[in-house]
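A.B. asks: The structure is given below, and queries will be raised subsequently.
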Amino acid sequence: MAYFLPSPRLYNFFFLLLFFCCCFFTLLINPTSSHPTQPTSELVESVCNTTTIYEFCVDALYSNPRTPTIHDPYSLAYISFTLAIVNATDARLNMQILLKSNSSRSLYSKPLRRCVQLYGEAAETLGRALNDMNSDDYYDLAPYAADCTRKADNCQAAFGGRATDSRLSRMNRDFRGLAEICIVVSNICYPG
């Protein structure tokens with residue numbers, strides 16, 4: 001009797017899919033993400049009061065259990081950039097899945113391919129930001145994060161006003177919100 005063994009490439013794909021889904025659902029389901037269990041810290045208050053959507057900022061930052069103990073902007077920068085890179089990677093993976101499932105709907109395939117490219121570039125940019133932070137270099141963090149907000153905007157604009165999947169719009173909005181948090185924290189780390 002012959003058994004079907006998946007190819008190593010397929011096995012790796014499913015492993016990565018499982019990993020990013022776990023990360024994504026951990027961010028969504030984490031009980032600290034919807035309401036912080038304690039009052040927000042002064043640092044989180046000052047960051048989130050500067051963002052467009054205060055509640056999103058607090059929920060996002062407190063989705064990391066280390067946030068309540070953070071009192072310096074450099075540690076908060078690691079948290080915010082890590083949240084953004086996980087979000088960008090997860091969004092890209094979801095867009096790739098959407099692209100494969102909607103292969104017959106050519107109207108959305110070109111914009112989705114563009115979004116996959118943009119989110120891949122955003123993940124690379126955020127990776128450079130994390131590398132810079134590891135080298136205690138905070139100079140380019142805000143420009144990196146600003147570039148990521150443009151990539152989210154460009155993804156949304158790629159659909160040219162056509163109705164898009166609400167999940168895609170939410171992914172763009174959430175990623176843009178995380179990038180905005182990164183900009184604010186970066187400006188605190190390096191007020192240049």
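So you can find residues: chains in the structure tokens are A, B, ... in the order shown, residues in each start at 1, and ligands are numbered from 1 in order.
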For stretch 178-187 of chain A, find every residue with an atom within 8 Å (counting only C-alpha atoms), except residues of its own chain fewer than 6 positions away, and show them as a compact mmCIF listing (two decimals) with N, CA and C atoms, in the first residue's frame.

C.D. replies:
# COMPACT_ATOMS: atom_id res chain seq x y z
N VAL A 47 1.83 58.21 23.69
CA VAL A 47 1.90 57.70 22.31
C VAL A 47 0.50 57.67 21.70
N CYS A 48 -0.43 57.04 22.38
CA CYS A 48 -1.76 56.83 21.81
C CYS A 48 -2.56 58.12 21.66
N THR A 50 -1.41 60.73 20.54
CA THR A 50 -0.89 61.36 19.33
C THR A 50 -1.36 60.65 18.07
N THR A 51 -1.90 59.45 18.20
CA THR A 51 -2.34 58.69 17.03
C THR A 51 -3.76 59.08 16.63
N CYS A 57 -4.82 52.05 19.21
CA CYS A 57 -3.44 52.12 19.68
C CYS A 57 -3.29 51.40 21.02
N ALA A 60 -3.80 47.64 20.58
CA ALA A 60 -2.66 47.02 19.89
C ALA A 60 -1.46 46.89 20.82
N PRO A 73 10.79 54.39 25.92
CA PRO A 73 10.30 54.36 24.54
C PRO A 73 11.01 53.34 23.66
N LEU A 76 9.25 50.10 23.97
CA LEU A 76 7.95 50.24 23.29
C LEU A 76 8.13 50.23 21.78
N ALA A 77 9.26 50.75 21.30
CA ALA A 77 9.55 50.71 19.86
C ALA A 77 9.69 49.26 19.39
N SER A 80 6.15 47.82 19.25
CA SER A 80 5.32 48.34 18.15
C SER A 80 5.82 47.86 16.79
N PHE A 81 7.13 47.85 16.58
CA PHE A 81 7.65 47.39 15.29
C PHE A 81 7.47 45.88 15.12
N LEU A 83 4.94 44.16 16.44
CA LEU A 83 3.52 44.01 16.10
C LEU A 83 3.29 44.31 14.62
N ALA A 84 3.93 45.36 14.12
CA ALA A 84 3.74 45.75 12.73
C ALA A 84 4.28 44.70 11.76
N TYR A 138 18.41 54.66 15.86
CA TYR A 138 16.98 55.00 15.81
C TYR A 138 16.69 56.10 14.78
N LEU A 141 14.02 55.12 11.90
CA LEU A 141 12.80 54.40 12.28
C LEU A 141 11.54 55.10 11.78
N ALA A 142 11.42 56.40 12.01
CA ALA A 142 10.21 57.12 11.58
C ALA A 142 10.04 57.08 10.06
N PRO A 143 11.10 57.31 9.27
CA PRO A 143 10.93 57.18 7.81
C PRO A 143 10.54 55.77 7.38
N ALA A 145 8.74 53.65 9.11
CA ALA A 145 7.32 53.49 9.46
C ALA A 145 6.43 54.31 8.52
N ALA A 146 6.87 55.51 8.17
CA ALA A 146 6.09 56.34 7.24
C ALA A 146 5.97 55.66 5.88
N CYS A 148 5.84 52.52 5.43
CA CYS A 148 4.85 51.45 5.60
C CYS A 148 3.42 51.99 5.53
N THR A 149 3.17 53.19 6.05
CA THR A 149 1.82 53.76 5.93
C THR A 149 1.49 54.00 4.46

A.B. asks: Would you compute the distance between atom CA of A:Cys155 and atom CA of A:Cys115? Give it in Å to one decimal.

C.D. replies: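 Pair atom CA of A:Cys155 / atom CA of A:Cys115 returns 4.9 Å.
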
A.B. asks: If I take atom CA of A:Ile188 and atom CA of A:Leu130, how far is one from the other in Å, to one decimal?

C.D. replies: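 Taking atom CA of A:Ile188 and atom CA of A:Leu130, their separation equals 16.1 Å.
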